[in-house]
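Okay, upload_22.txt now, which holds compact mmCIF, C-alpha atoms:
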# COMPACT_ATOMS: atom_id res chain seq x y z
CA MET A 1 -16.45 17.92 -45.08
CA SER A 2 -16.68 18.16 -41.26
CA GLU A 3 -20.29 16.91 -41.38
CA LEU A 4 -19.19 13.90 -43.42
CA LEU A 5 -16.42 13.17 -40.89
CA GLU A 6 -18.92 13.47 -38.02
CA GLN A 7 -21.31 11.05 -39.73
CA GLY A 8 -18.38 8.72 -40.40
CA ALA A 9 -17.33 8.91 -36.74
CA VAL A 10 -20.84 7.88 -35.64
CA ILE A 11 -20.77 4.84 -37.93
CA VAL A 12 -17.18 3.89 -36.98
CA LEU A 13 -17.81 4.12 -33.21
CA ASP A 14 -21.05 2.13 -33.45
CA GLU A 15 -19.29 -0.55 -35.52
CA ILE A 16 -16.37 -0.82 -33.04
CA VAL A 17 -18.78 -1.18 -30.10
CA ARG A 18 -20.94 -3.68 -32.00
CA ARG A 19 -17.89 -5.86 -32.77
CA ALA A 20 -16.68 -5.62 -29.17
CA VAL A 21 -20.05 -6.73 -27.80
CA ARG A 22 -20.18 -9.62 -30.29
CA ALA A 23 -16.66 -10.70 -29.20
CA HIS A 24 -17.75 -10.53 -25.50
CA ALA A 25 -14.98 -7.98 -24.85
CA SER A 26 -14.77 -6.23 -21.47
CA ASP A 27 -12.81 -3.19 -22.72
CA ILE A 28 -12.14 -1.29 -25.95
CA HIS A 29 -8.75 0.44 -26.31
CA LEU A 30 -8.42 3.30 -28.83
CA GLU A 31 -4.72 4.12 -29.07
CA PRO A 32 -3.28 7.01 -31.16
CA LYS A 33 -0.36 6.11 -33.42
CA ARG A 34 1.53 8.22 -35.99
CA ASP A 35 -0.28 6.75 -39.00
CA ARG A 36 -3.58 5.43 -37.53
CA MET A 37 -5.67 4.86 -34.41
CA ASN A 38 -5.01 1.38 -33.09
CA VAL A 39 -8.06 -0.57 -31.87
CA ARG A 40 -7.73 -3.44 -29.41
CA PHE A 41 -10.29 -5.42 -27.41
CA ARG A 42 -9.74 -7.17 -24.09
CA VAL A 43 -11.36 -10.56 -24.57
CA ASP A 44 -11.21 -13.14 -21.75
CA GLY A 45 -8.55 -11.02 -20.06
CA GLU A 46 -6.21 -10.90 -23.10
CA MET A 47 -5.64 -8.09 -25.64
CA VAL A 48 -6.79 -8.83 -29.20
CA GLU A 49 -5.84 -6.64 -32.21
CA GLU A 50 -8.74 -5.28 -34.26
CA GLN A 51 -9.02 -3.31 -37.49
CA SER A 52 -7.49 0.16 -36.96
CA VAL A 53 -9.19 3.51 -37.68
CA PRO A 54 -7.75 5.86 -40.37
CA LEU A 55 -5.97 8.96 -39.09
CA ASP A 56 -8.31 11.47 -40.79
CA ILE A 57 -11.39 10.29 -38.87
CA SER A 58 -9.86 9.25 -35.53
CA PRO A 59 -10.04 12.77 -33.89
CA GLU A 60 -13.78 12.84 -34.69
CA VAL A 61 -14.28 9.41 -33.10
CA ILE A 62 -12.56 10.59 -29.90
CA SER A 63 -14.57 13.84 -29.93
CA ARG A 64 -17.84 11.91 -30.29
CA ILE A 65 -16.97 9.76 -27.27
CA LYS A 66 -16.11 12.86 -25.21
CA VAL A 67 -19.35 14.64 -26.16
CA LEU A 68 -21.50 11.59 -25.30
CA ALA A 69 -19.58 11.02 -22.03
CA ARG A 70 -20.01 14.71 -21.06
CA MET A 71 -16.27 15.32 -20.97
CA ASP A 72 -14.65 18.70 -21.76
CA ILE A 73 -14.08 18.38 -25.51
CA ALA A 74 -11.56 21.23 -25.58
CA GLU A 75 -9.40 19.82 -22.77
CA ARG A 76 -6.76 17.42 -24.08
CA ARG A 77 -4.02 17.90 -21.48
CA VAL A 78 -5.52 16.12 -18.45
CA PRO A 79 -7.18 12.69 -18.01
CA GLN A 80 -11.00 12.65 -17.92
CA ASP A 81 -13.74 10.13 -17.04
CA GLY A 82 -17.37 9.79 -18.05
CA GLN A 83 -20.19 7.44 -18.94
CA LEU A 84 -22.14 7.04 -22.17
CA THR A 85 -24.76 4.84 -23.78
CA LEU A 86 -24.80 3.66 -27.40
CA THR A 87 -27.41 1.64 -29.30
CA PRO A 88 -25.66 -0.17 -32.17
CA GLU A 89 -28.23 -2.30 -34.05
CA GLY A 90 -30.85 -1.28 -31.47
CA ASN A 91 -29.01 -2.95 -28.55
CA THR A 92 -28.36 -0.64 -25.59
CA VAL A 93 -24.73 -0.72 -24.44
CA HIS A 94 -23.55 1.18 -21.34
CA LEU A 95 -19.91 2.25 -21.42
CA ARG A 96 -17.50 3.91 -19.01
CA ALA A 97 -15.00 6.14 -20.82
CA SER A 98 -11.52 7.12 -19.63
CA SER A 99 -9.18 9.42 -21.59
CA PHE A 100 -5.42 9.71 -21.11
CA PRO A 101 -3.21 12.35 -22.82
CA SER A 102 -0.26 10.67 -24.58
CA SER A 103 2.59 12.02 -26.73
CA LEU A 104 0.61 11.24 -29.92
CA GLY A 105 -2.86 12.33 -28.74
CA GLU A 106 -5.55 11.08 -26.37
CA LYS A 107 -5.90 7.39 -25.67
CA VAL A 108 -9.45 6.37 -24.74
CA VAL A 109 -10.48 3.14 -23.00
CA LEU A 110 -14.15 2.15 -22.98
CA ARG A 111 -15.29 -0.35 -20.34
CA ILE A 112 -18.41 -2.22 -21.49
CA LEU A 113 -20.56 -2.22 -18.38
CA SER A 114 -23.34 -4.34 -19.88
CA GLY A 115 -20.64 -6.94 -20.58
CA GLN A 116 -20.16 -7.40 -16.83
CA ALA A 117 -23.37 -9.43 -16.72
CA LEU A 118 -24.39 -11.26 -13.60
CA ILE A 119 -22.85 -14.70 -13.30
CA ALA A 120 -24.89 -17.37 -11.54
CA PHE A 121 -23.25 -18.77 -8.39
CA GLU A 122 -23.27 -22.27 -9.94
CA LYS A 123 -21.31 -20.97 -12.98
CA LEU A 124 -18.40 -19.41 -11.07
CA GLY A 125 -16.27 -22.56 -11.31
CA LEU A 126 -16.59 -23.87 -7.73
CA ASP A 127 -16.90 -27.63 -7.29
CA PRO A 128 -20.06 -28.89 -5.46
CA VAL A 129 -18.29 -29.40 -2.09
CA THR A 130 -16.80 -25.89 -2.14
CA GLN A 131 -20.16 -24.45 -3.25
CA ALA A 132 -21.75 -25.90 -0.10
CA ILE A 133 -19.00 -24.37 2.08
CA VAL A 134 -19.43 -20.91 0.51
CA ARG A 135 -23.25 -21.08 0.74
CA GLU A 136 -22.90 -21.78 4.46
CA LEU A 137 -20.63 -18.72 4.88
CA VAL A 138 -23.06 -16.45 2.98
CA ASP A 139 -26.03 -17.82 4.98
CA ARG A 140 -24.46 -16.77 8.29
CA PRO A 141 -26.24 -13.82 9.97
CA GLN A 142 -22.93 -12.06 10.59
CA GLY A 143 -19.29 -12.22 9.61
CA PHE A 144 -16.69 -10.82 7.23
CA LEU A 145 -16.22 -12.66 3.94
CA VAL A 146 -13.51 -11.37 1.64
CA THR A 147 -12.56 -12.28 -1.94
CA SER A 148 -8.97 -11.60 -3.00
CA GLY A 149 -6.91 -11.56 -6.15
CA PRO A 150 -5.27 -9.16 -8.64
CA THR A 151 -7.19 -6.65 -10.79
CA GLY A 152 -9.36 -8.46 -13.33
CA ALA A 153 -9.59 -11.70 -11.32
CA GLY A 154 -13.40 -11.50 -11.16
CA LYS A 155 -13.70 -10.56 -7.47
CA THR A 156 -16.66 -8.19 -7.92
CA SER A 157 -18.50 -10.69 -10.13
CA THR A 158 -18.10 -13.26 -7.33
CA LEU A 159 -19.62 -10.85 -4.78
CA TYR A 160 -22.53 -10.12 -7.14
CA SER A 161 -23.19 -13.85 -7.45
CA PHE A 162 -23.28 -14.08 -3.63
CA MET A 163 -25.98 -11.38 -3.65
CA ARG A 164 -28.20 -13.75 -5.59
CA LEU A 165 -27.98 -16.30 -2.76
CA ILE A 166 -29.45 -13.79 -0.27
CA ASP A 167 -33.21 -13.43 0.20
CA THR A 168 -33.40 -9.68 -0.50
CA ARG A 169 -37.14 -9.56 0.35
CA HIS A 170 -36.43 -10.28 4.00
CA TYR A 171 -33.03 -8.61 4.37
CA ASN A 172 -31.85 -5.02 3.87
CA VAL A 173 -28.89 -5.36 1.51
CA MET A 174 -26.76 -2.28 0.78
CA THR A 175 -23.62 -1.80 -1.28
CA LEU A 176 -20.86 0.78 -1.59
CA GLU A 177 -19.03 0.54 -4.91
CA ASP A 178 -16.56 2.39 -7.14
CA PRO A 179 -18.15 2.29 -9.64
CA ILE A 180 -21.44 0.33 -9.73
CA GLU A 181 -20.68 -2.39 -12.32
CA VAL A 182 -24.12 -4.03 -12.50
CA GLU A 183 -27.42 -2.54 -11.36
CA LEU A 184 -29.34 -4.86 -9.03
CA PRO A 185 -32.93 -3.53 -8.70
CA GLN A 186 -33.74 -5.54 -5.54
CA ILE A 187 -31.00 -3.92 -3.37
CA THR A 188 -29.74 -0.40 -2.54
CA GLN A 189 -26.46 0.47 -4.28
CA GLY A 190 -24.24 3.45 -3.51
CA GLN A 191 -21.36 4.81 -5.60
CA THR A 192 -18.46 6.64 -3.95
CA ASN A 193 -17.60 10.19 -5.01
CA VAL A 194 -14.22 11.22 -3.60
CA LYS A 195 -14.51 14.82 -4.93
CA ALA A 196 -17.72 15.26 -2.96
CA GLY A 197 -16.20 13.62 0.13
CA PHE A 198 -18.24 10.42 -0.27
CA THR A 199 -15.47 7.89 0.38
CA PHE A 200 -15.67 4.22 1.35
CA ALA A 201 -15.15 5.14 5.01
CA THR A 202 -17.81 7.92 5.15
CA GLY A 203 -20.24 5.85 3.07
CA LEU A 204 -19.80 2.81 5.30
CA ARG A 205 -20.51 4.88 8.43
CA ALA A 206 -23.70 6.17 6.78
CA ILE A 207 -24.79 2.64 5.78
CA LEU A 208 -24.52 1.51 9.41
CA ARG A 209 -27.24 4.08 10.24
CA GLN A 210 -29.50 2.60 7.53
CA ASP A 211 -30.43 -0.56 9.49
CA PRO A 212 -28.55 -2.96 7.14
CA ASP A 213 -28.43 -6.76 7.35
CA VAL A 214 -25.89 -7.35 4.57
CA ILE A 215 -23.26 -4.84 3.43
CA MET A 216 -21.10 -5.17 0.33
CA VAL A 217 -18.03 -2.90 0.25
CA GLY A 218 -16.47 -2.81 -3.22
CA GLU A 219 -12.89 -2.78 -1.95
CA ILE A 220 -10.94 -2.45 1.30
CA ARG A 221 -8.39 0.25 0.44
CA ASP A 222 -7.27 1.67 3.78
CA ALA A 223 -7.12 1.04 7.51
CA GLU A 224 -10.16 3.23 8.25
CA THR A 225 -12.46 1.32 5.85
CA ALA A 226 -11.10 -2.02 7.08
CA GLY A 227 -11.69 -1.05 10.70
CA ILE A 228 -15.30 0.05 10.15
CA ALA A 229 -16.11 -3.01 7.99
CA LEU A 230 -14.65 -5.45 10.52
CA GLN A 231 -16.41 -3.72 13.44
CA ALA A 232 -19.70 -3.87 11.49
CA SER A 233 -19.34 -7.65 11.11
CA LEU A 234 -18.77 -7.97 14.87
CA THR A 235 -21.98 -6.06 15.63
CA GLY A 236 -24.33 -8.40 13.78
CA HIS A 237 -23.89 -7.64 10.08
CA LEU A 238 -22.73 -9.81 7.18
CA VAL A 239 -20.04 -7.83 5.35
CA LEU A 240 -18.72 -8.85 1.91
CA SER A 241 -15.68 -7.18 0.38
CA THR A 242 -12.58 -7.55 -1.81
CA LEU A 243 -8.84 -7.10 -1.27
CA HIS A 244 -5.92 -6.90 -3.71
CA THR A 245 -3.83 -9.77 -2.38
CA SER A 246 -2.39 -12.86 -4.07
CA ASP A 247 -3.86 -15.64 -1.91
CA ALA A 248 -5.69 -16.47 1.34
CA VAL A 249 -2.56 -16.24 3.49
CA GLU A 250 -1.61 -12.80 2.12
CA THR A 251 -5.18 -11.63 2.80
CA ALA A 252 -5.00 -12.51 6.51
CA VAL A 253 -1.54 -10.90 6.80
CA ARG A 254 -2.66 -7.75 4.92
CA LEU A 255 -5.72 -7.15 7.12
CA VAL A 256 -3.47 -7.18 10.20
CA ASP A 257 -0.81 -5.05 8.45
CA LEU A 258 -3.43 -2.38 7.68
CA GLY A 259 -3.32 -1.48 11.36
CA VAL A 260 -6.58 -3.01 12.57
CA GLU A 261 -6.29 -4.67 16.00
CA PRO A 262 -5.42 -8.37 15.41
CA TRP A 263 -8.16 -9.55 17.83
CA ILE A 264 -10.78 -7.64 15.78
CA VAL A 265 -9.56 -9.28 12.53
CA ALA A 266 -9.46 -12.71 14.21
CA ASN A 267 -13.01 -12.50 15.59
CA ALA A 268 -14.63 -10.79 12.59
CA LEU A 269 -13.09 -12.70 9.66
CA THR A 270 -15.15 -15.78 8.77
CA GLY A 271 -13.88 -16.78 5.33
CA ILE A 272 -11.42 -15.93 2.54
CA LEU A 273 -11.77 -16.75 -1.17
CA ALA A 274 -8.61 -16.23 -3.22
CA GLN A 275 -9.40 -16.43 -6.92
CA ARG A 276 -8.08 -16.26 -10.47
CA LEU A 277 -9.69 -16.50 -13.90
CA VAL A 278 -8.40 -19.05 -16.41
CA ARG A 279 -9.38 -19.10 -20.06
CA LEU A 280 -11.30 -22.11 -21.34
CA VAL A 281 -9.96 -23.92 -24.39
CA CYS A 282 -12.08 -23.36 -27.51
CA ARG A 283 -14.10 -26.53 -28.09
CA ASN A 284 -14.08 -25.98 -31.88
CA CYS A 285 -10.33 -26.19 -32.37
CA GLN A 286 -8.71 -27.80 -29.31
CA GLU A 287 -6.26 -30.66 -29.76
CA LEU A 288 -4.85 -33.32 -27.43
CA VAL A 289 -1.12 -33.53 -26.71
CA THR A 290 1.03 -35.71 -24.43
CA LEU A 291 2.87 -34.22 -21.44
CA GLU A 292 6.62 -34.60 -21.85
CA THR A 293 7.47 -33.98 -18.16
CA ASP A 294 5.76 -34.51 -14.80
CA LEU A 295 3.69 -31.61 -13.51
CA VAL A 296 4.61 -31.05 -9.87
CA ASP A 297 3.12 -28.86 -7.14
CA GLU A 298 4.88 -28.74 -3.73
CA ASP A 299 6.86 -31.94 -4.45
CA GLU A 300 3.69 -33.86 -5.36
CA THR A 301 3.11 -35.05 -8.92
CA ILE A 302 -0.27 -33.79 -10.11
CA LEU A 303 -0.04 -34.90 -13.75
CA PRO A 304 2.53 -37.58 -14.65
CA ARG A 305 4.53 -37.58 -17.87
CA GLY A 306 2.54 -39.16 -20.69
CA SER A 307 -0.82 -37.71 -19.56
CA LYS A 308 -3.07 -36.37 -22.31
CA VAL A 309 -3.86 -32.65 -21.98
CA VAL A 310 -5.61 -30.13 -24.24
CA ARG A 311 -3.76 -27.49 -26.25
CA PRO A 312 -5.19 -24.35 -27.95
CA LYS A 313 -5.03 -24.12 -31.73
CA GLY A 314 -7.04 -21.08 -32.89
CA CYS A 315 -9.99 -20.63 -35.26
CA ALA A 316 -12.47 -17.95 -36.37
CA ALA A 317 -14.84 -18.78 -33.50
CA CYS A 318 -12.22 -17.84 -30.85
CA LEU A 319 -10.63 -14.91 -32.76
CA ARG A 320 -7.56 -17.14 -33.42
CA THR A 321 -6.67 -17.17 -29.70
CA GLY A 322 -7.47 -20.85 -29.04
CA TYR A 323 -9.55 -19.88 -26.01
CA LYS A 324 -13.21 -18.97 -25.56
CA GLY A 325 -14.74 -17.95 -22.24
CA ARG A 326 -13.30 -18.09 -18.72
CA THR A 327 -13.91 -19.87 -15.44
CA GLY A 328 -12.72 -19.24 -11.90
CA ILE A 329 -10.31 -21.19 -9.72
CA PHE A 330 -10.77 -20.64 -5.99
CA GLU A 331 -8.83 -21.26 -2.80
CA VAL A 332 -11.49 -21.23 -0.05
CA VAL A 333 -10.47 -20.94 3.60
CA ILE A 334 -12.86 -20.96 6.57
CA VAL A 335 -11.31 -19.12 9.51
CA ASP A 336 -11.23 -21.65 12.37
CA ASP A 337 -9.89 -21.40 15.96
CA ASP A 338 -6.34 -22.36 14.93
CA MET A 339 -6.25 -19.63 12.29
CA ARG A 340 -7.69 -17.08 14.74
CA GLU A 341 -4.82 -17.80 17.10
CA LEU A 342 -2.32 -17.17 14.29
CA ILE A 343 -4.03 -13.87 13.40
CA LYS A 344 -4.00 -12.70 17.05
CA HIS A 345 -0.26 -13.41 17.29
CA LYS A 346 0.54 -11.69 13.94
CA ALA A 347 1.91 -14.96 12.58
CA SER A 348 4.23 -15.11 9.57
CA PRO A 349 2.99 -16.28 6.17
CA ARG A 350 5.04 -19.49 6.65
CA GLU A 351 3.00 -20.40 9.76
CA TYR A 352 -0.29 -19.82 7.95
CA ARG A 353 0.82 -21.95 4.99
CA ALA A 354 1.83 -24.79 7.32
CA LEU A 355 -1.64 -24.69 8.90
CA LEU A 356 -3.44 -24.71 5.52
CA LYS A 357 -1.27 -27.62 4.35
CA LYS A 358 -2.11 -29.51 7.56
CA ARG A 359 -5.83 -28.83 6.93
CA GLY A 360 -5.45 -30.17 3.37
CA ILE A 361 -6.58 -26.98 1.63
CA PRO A 362 -5.27 -27.11 -1.95
CA THR A 363 -3.37 -24.17 -3.47
CA LEU A 364 -4.73 -22.14 -6.40
CA ARG A 365 -2.25 -23.87 -8.72
CA ARG A 366 -3.39 -27.33 -7.63
CA ILE A 367 -7.05 -26.40 -8.18
CA GLY A 368 -6.13 -25.01 -11.61
CA LEU A 369 -4.27 -28.19 -12.56
CA ALA A 370 -7.39 -30.18 -11.63
CA LYS A 371 -9.17 -28.20 -14.38
CA VAL A 372 -6.35 -29.15 -16.78
CA LYS A 373 -6.97 -32.78 -15.84
CA ASP A 374 -10.66 -32.29 -16.70
CA GLY A 375 -9.72 -30.89 -20.14
CA ALA A 376 -11.18 -27.43 -19.44
CA THR A 377 -8.00 -25.36 -19.73
CA THR A 378 -4.27 -25.66 -20.44
CA VAL A 379 -1.14 -26.07 -18.31
CA ASP A 380 0.28 -22.78 -19.67
CA GLU A 381 -2.88 -20.90 -18.68
CA VAL A 382 -2.82 -22.19 -15.09
CA LEU A 383 0.91 -21.47 -14.70
CA ARG A 384 0.36 -17.96 -16.13
CA VAL A 385 -2.24 -16.94 -13.52
CA THR A 386 -0.82 -18.73 -10.46
CA THR A 387 2.83 -17.60 -10.54

How would this structure read if it were set down as structure tokens?
Amino acid sequence: MSELLEQGAVIVLDEIVRRAVRAHASDIHLEPKRDRMNVRFRVDGEMVEEQSVPLDISPEVISRIKVLARMDIAERRVPQDGQLTLTPEGNTVHLRASSFPSSLGEKVVLRILSGQALIAFEKLGLDPVTQAIVRELVDRPQGFLVTSGPTGAGKTSTLYSFMRLIDTRHYNVMTLEDPIEVELPQITQGQTNVKAGFTFATGLRAILRQDPDVIMVGEIRDAETAGIALQASLTGHLVLSTLHTSDAVETAVRLVDLGVEPWIVANALTGILAQRLVRLVCRNCQELVTLETDLVDEDETILPRGSKVVRPKGCAACLRTGYKGRTGIFEVVIVDDDMRELIKHKASPREYRALLKKRGIPTLRRIGLAKVKDGATTVDEVLRVTT
């Protein structure tokens, strides 16, 4: 009987992963319930219910994951992490597994690493003018370029796309990540290991002794890492990194609040990209509707009442969600002399916003509403990610 359950677990797990890959999911959630194991996929940033797994076979499915991910199969009281590879239908799929003990058993989340495929710079969602601005920032021999946004906003994917703009044959490009999401054979990638003492700060110090030209730091998490990264950009390196902040203004304020000397931040920081991901309306089932009220941003009407906008409907092609695929919306700010002065004087967010308004830099919401105007996404979707 146990052998049959084991065989069944192999088939069930392969089928779940196969369906997730086909749906272009980023994560698989296996959640224990009293009468079943709930299965949900994260598709385009949203959770989608899938067919659940019967209770009699669910412990075997979890055990198979733990064995493949080299976790302790007997330990169910503490969270564990691991990596595994499956080959449903002959396709190799790399997964990162994370277990969490709950009141009803262990919940396991599988991150599909092969699903985090490289996105071409031209496909990020930047308009041609902004693309030219960002290319110029990445082409600079030194500086500190940071992407910001909440978890799941696509910050790391943006940095990977920047890597493809750099001539890696003539430059020494090194990264420090947690974890490595996509393997890039033409550069040197490092993965932090806190248990072994290999943190962002220690790793960054070591990279500086490796004669780097370009350094990518997965995330600025503390004052020490921020200080080393900013100093590195002042000494002739191009440093790319990410920060968990809501917009460009919050990013500038946060770097100063971390405790780094304001003059270092002001002189090192060259550009900020605040970003969000919005879902694209499914082209198979979208429908046009008329706006009943004006759409306003900062007292300016962006879309007047009576404008035609798209609305999601839902079909088999988009798993009944009405959306298929995602694109980025970006607020891009080049740090100029005026902004440097504000950073040096630890200016308030209000002062920064007044400067950006004077420079005519549109907000994330305004950029998102421009995509609504183009028929790419919906008003609800833009309001959801920019509030």

- Task: Write out as a PyMOL selection string which residues come within 12 Å of Leu364 of chain A when counting all atoms listed in the file, dropping same-chain ones fewer than 2 positions away.
- Result: chain A and resi 148-149+246-249+273-278+297-298+328-333+361-362+366-371+382-387

- Message: With all atoms listed in the file as the counted atoms, please give the residues lying no more than 7 Å from Asp294 of chain A, apart from itself and same-chain residues fewer than 6 positions off, as a ChimeraX atom specification.
- Response: /A:301,303-305

- Task: Would you mind listing what lies within 12 Å of segment 200-212 of chain A as number ranges by chain, with all atoms listed in the file counted and same-chain residues fewer than 6 positions away left out?
- Result: A: 141-142, 168, 170-179, 187-194, 218-233, 235-239, 241

Output of the above residues as a short mmCIF file (atom, residue, chain, number, x, y, z; two decimals), in the frame of the given file, restricted to C-alpha atoms:
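Written out: out17.cif:
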data_model
loop_
_atom_site.label_atom_id
_atom_site.label_comp_id
_atom_site.auth_asym_id
_atom_site.auth_seq_id
_atom_site.Cartn_x
_atom_site.Cartn_y
_atom_site.Cartn_z
CA PRO A 141 -26.24 -13.82 9.97
CA GLN A 142 -22.93 -12.06 10.59
CA THR A 168 -33.40 -9.68 -0.50
CA HIS A 170 -36.43 -10.28 4.00
CA TYR A 171 -33.03 -8.61 4.37
CA ASN A 172 -31.85 -5.02 3.87
CA VAL A 173 -28.89 -5.36 1.51
CA MET A 174 -26.76 -2.28 0.78
CA THR A 175 -23.62 -1.80 -1.28
CA LEU A 176 -20.86 0.78 -1.59
CA GLU A 177 -19.03 0.54 -4.91
CA ASP A 178 -16.56 2.39 -7.14
CA PRO A 179 -18.15 2.29 -9.64
CA ILE A 187 -31.00 -3.92 -3.37
CA THR A 188 -29.74 -0.40 -2.54
CA GLN A 189 -26.46 0.47 -4.28
CA GLY A 190 -24.24 3.45 -3.51
CA GLN A 191 -21.36 4.81 -5.60
CA THR A 192 -18.46 6.64 -3.95
CA ASN A 193 -17.60 10.19 -5.01
CA VAL A 194 -14.22 11.22 -3.60
CA GLY A 218 -16.47 -2.81 -3.22
CA GLU A 219 -12.89 -2.78 -1.95
CA ILE A 220 -10.94 -2.45 1.30
CA ARG A 221 -8.39 0.25 0.44
CA ASP A 222 -7.27 1.67 3.78
CA ALA A 223 -7.12 1.04 7.51
CA GLU A 224 -10.16 3.23 8.25
CA THR A 225 -12.46 1.32 5.85
CA ALA A 226 -11.10 -2.02 7.08
CA GLY A 227 -11.69 -1.05 10.70
CA ILE A 228 -15.30 0.05 10.15
CA ALA A 229 -16.11 -3.01 7.99
CA LEU A 230 -14.65 -5.45 10.52
CA GLN A 231 -16.41 -3.72 13.44
CA ALA A 232 -19.70 -3.87 11.49
CA SER A 233 -19.34 -7.65 11.11
CA THR A 235 -21.98 -6.06 15.63
CA GLY A 236 -24.33 -8.40 13.78
CA HIS A 237 -23.89 -7.64 10.08
CA LEU A 238 -22.73 -9.81 7.18
CA VAL A 239 -20.04 -7.83 5.35
CA SER A 241 -15.68 -7.18 0.38
#

- Can you work out which one of A:Val138, A:Val53, A:Val256, A:Leu95 has the shortest atom-to-atom distance to Ile180 of chain A, counting all atoms listed in the file?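 Smallest distance to Ile180 of chain A is found for A:Leu95.
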
- Query: Skipping near chain neighbours, those fewer than 5 positions away, what residues fall within 9 Å of segment 116-126 of chain A using only C-alpha atoms, listed as a count of residues only?
  - Reply: 15

- Item | Computed interatomic separation between atom CA of Ala266 of chain A and atom CA of Phe198 of chain A (Å) | 28.7 Å

Up to 6 Å from (-4.9, -31.7, -23.1) in the file's coordinates: name the residues, counting all atoms listed in the file, as a PDB file with C-alpha atoms, in the frame of the given file.
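Printed below is selection30.pdb as written:
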ATOM      1  CA  LEU A 288      -4.850 -33.320 -27.430  1.00  0.00           C
ATOM      2  CA  VAL A 289      -1.120 -33.530 -26.710  1.00  0.00           C
ATOM      3  CA  LYS A 308      -3.070 -36.370 -22.310  1.00  0.00           C
ATOM      4  CA  VAL A 309      -3.860 -32.650 -21.980  1.00  0.00           C
ATOM      5  CA  VAL A 310      -5.610 -30.130 -24.240  1.00  0.00           C
ATOM      6  CA  ARG A 311      -3.760 -27.490 -26.250  1.00  0.00           C
ATOM      7  CA  GLY A 375      -9.720 -30.890 -20.140  1.00  0.00           C
TER       8      GLY A 375
END

- Task: Between A:Glu381, A:Glu351, A:Asp14, A:Glu183, single out the one closest to Val93 of chain A, counting only C-alpha atoms.
- Result: A:Asp14

- Message: List as a ChimeraX atom specification the protein and nucleic acid residues near Val335 of chain A, meaning an atom at most 10 Å away when only C-alpha atoms are counted, but skip any in the same chain fewer than 6 places from it.
- Response: /A:145,252,266-272,343

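Counting only C-alpha atoms, the residue from A:Arg77, A:Ser307, A:Lys324, A:Val296 that sits nearest to Asp374 of chain A is A:Ser307.
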
- Task: Using only C-alpha atoms, find the one residue out of A:Asp127, A:Asp44, A:Ser58, A:Gly306 that sits nearest to Val281 of chain A.
- Result: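 Comparing A:Asp127, A:Asp44, A:Ser58, A:Gly306 against Val281 of chain A, the winner is A:Asp44.
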
- Item | Local residues around (-9.3, 8.9, -37.1), at most 12 Å away, using all atoms listed in the file, as a PyMOL selection string | chain A and resi 5-6+8-10+12-13+30-39+52-64+105-106

Residues from last step as file, C-alpha atoms, as a PDB file, in the frame of the given file:
ATOM      1  CA  LEU A   5     -16.420  13.170 -40.890  1.00  0.00           C
ATOM      2  CA  GLU A   6     -18.920  13.470 -38.020  1.00  0.00           C
ATOM      3  CA  GLY A   8     -18.380   8.720 -40.400  1.00  0.00           C
ATOM      4  CA  ALA A   9     -17.330   8.910 -36.740  1.00  0.00           C
ATOM      5  CA  VAL A  10     -20.840   7.880 -35.640  1.00  0.00           C
ATOM      6  CA  VAL A  12     -17.180   3.890 -36.980  1.00  0.00           C
ATOM      7  CA  LEU A  13     -17.810   4.120 -33.210  1.00  0.00           C
ATOM      8  CA  LEU A  30      -8.420   3.300 -28.830  1.00  0.00           C
ATOM      9  CA  GLU A  31      -4.720   4.120 -29.070  1.00  0.00           C
ATOM     10  CA  PRO A  32      -3.280   7.010 -31.160  1.00  0.00           C
ATOM     11  CA  LYS A  33      -0.360   6.110 -33.420  1.00  0.00           C
ATOM     12  CA  ARG A  34       1.530   8.220 -35.990  1.00  0.00           C
ATOM     13  CA  ASP A  35      -0.280   6.750 -39.000  1.00  0.00           C
ATOM     14  CA  ARG A  36      -3.580   5.430 -37.530  1.00  0.00           C
ATOM     15  CA  MET A  37      -5.670   4.860 -34.410  1.00  0.00           C
ATOM     16  CA  ASN A  38      -5.010   1.380 -33.090  1.00  0.00           C
ATOM     17  CA  VAL A  39      -8.060  -0.570 -31.870  1.00  0.00           C
ATOM     18  CA  SER A  52      -7.490   0.160 -36.960  1.00  0.00           C
ATOM     19  CA  VAL A  53      -9.190   3.510 -37.680  1.00  0.00           C
ATOM     20  CA  PRO A  54      -7.750   5.860 -40.370  1.00  0.00           C
ATOM     21  CA  LEU A  55      -5.970   8.960 -39.090  1.00  0.00           C
ATOM     22  CA  ASP A  56      -8.310  11.470 -40.790  1.00  0.00           C
ATOM     23  CA  ILE A  57     -11.390  10.290 -38.870  1.00  0.00           C
ATOM     24  CA  SER A  58      -9.860   9.250 -35.530  1.00  0.00           C
ATOM     25  CA  PRO A  59     -10.040  12.770 -33.890  1.00  0.00           C
ATOM     26  CA  GLU A  60     -13.780  12.840 -34.690  1.00  0.00           C
ATOM     27  CA  VAL A  61     -14.280   9.410 -33.100  1.00  0.00           C
ATOM     28  CA  ILE A  62     -12.560  10.590 -29.900  1.00  0.00           C
ATOM     29  CA  SER A  63     -14.570  13.840 -29.930  1.00  0.00           C
ATOM     30  CA  ARG A  64     -17.840  11.910 -30.290  1.00  0.00           C
ATOM     31  CA  GLY A 105      -2.860  12.330 -28.740  1.00  0.00           C
ATOM     32  CA  GLU A 106      -5.550  11.080 -26.370  1.00  0.00           C
TER      33      GLU A 106
END

- Message: I need the residue nearest Met47 of chain A from this list: A:Thr321, A:Thr242, A:Gln7, A:Gln80. Use all atoms listed in the file for the distance.
- Response: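 The shortest atom-to-atom distance to Met47 of chain A comes from A:Thr321.
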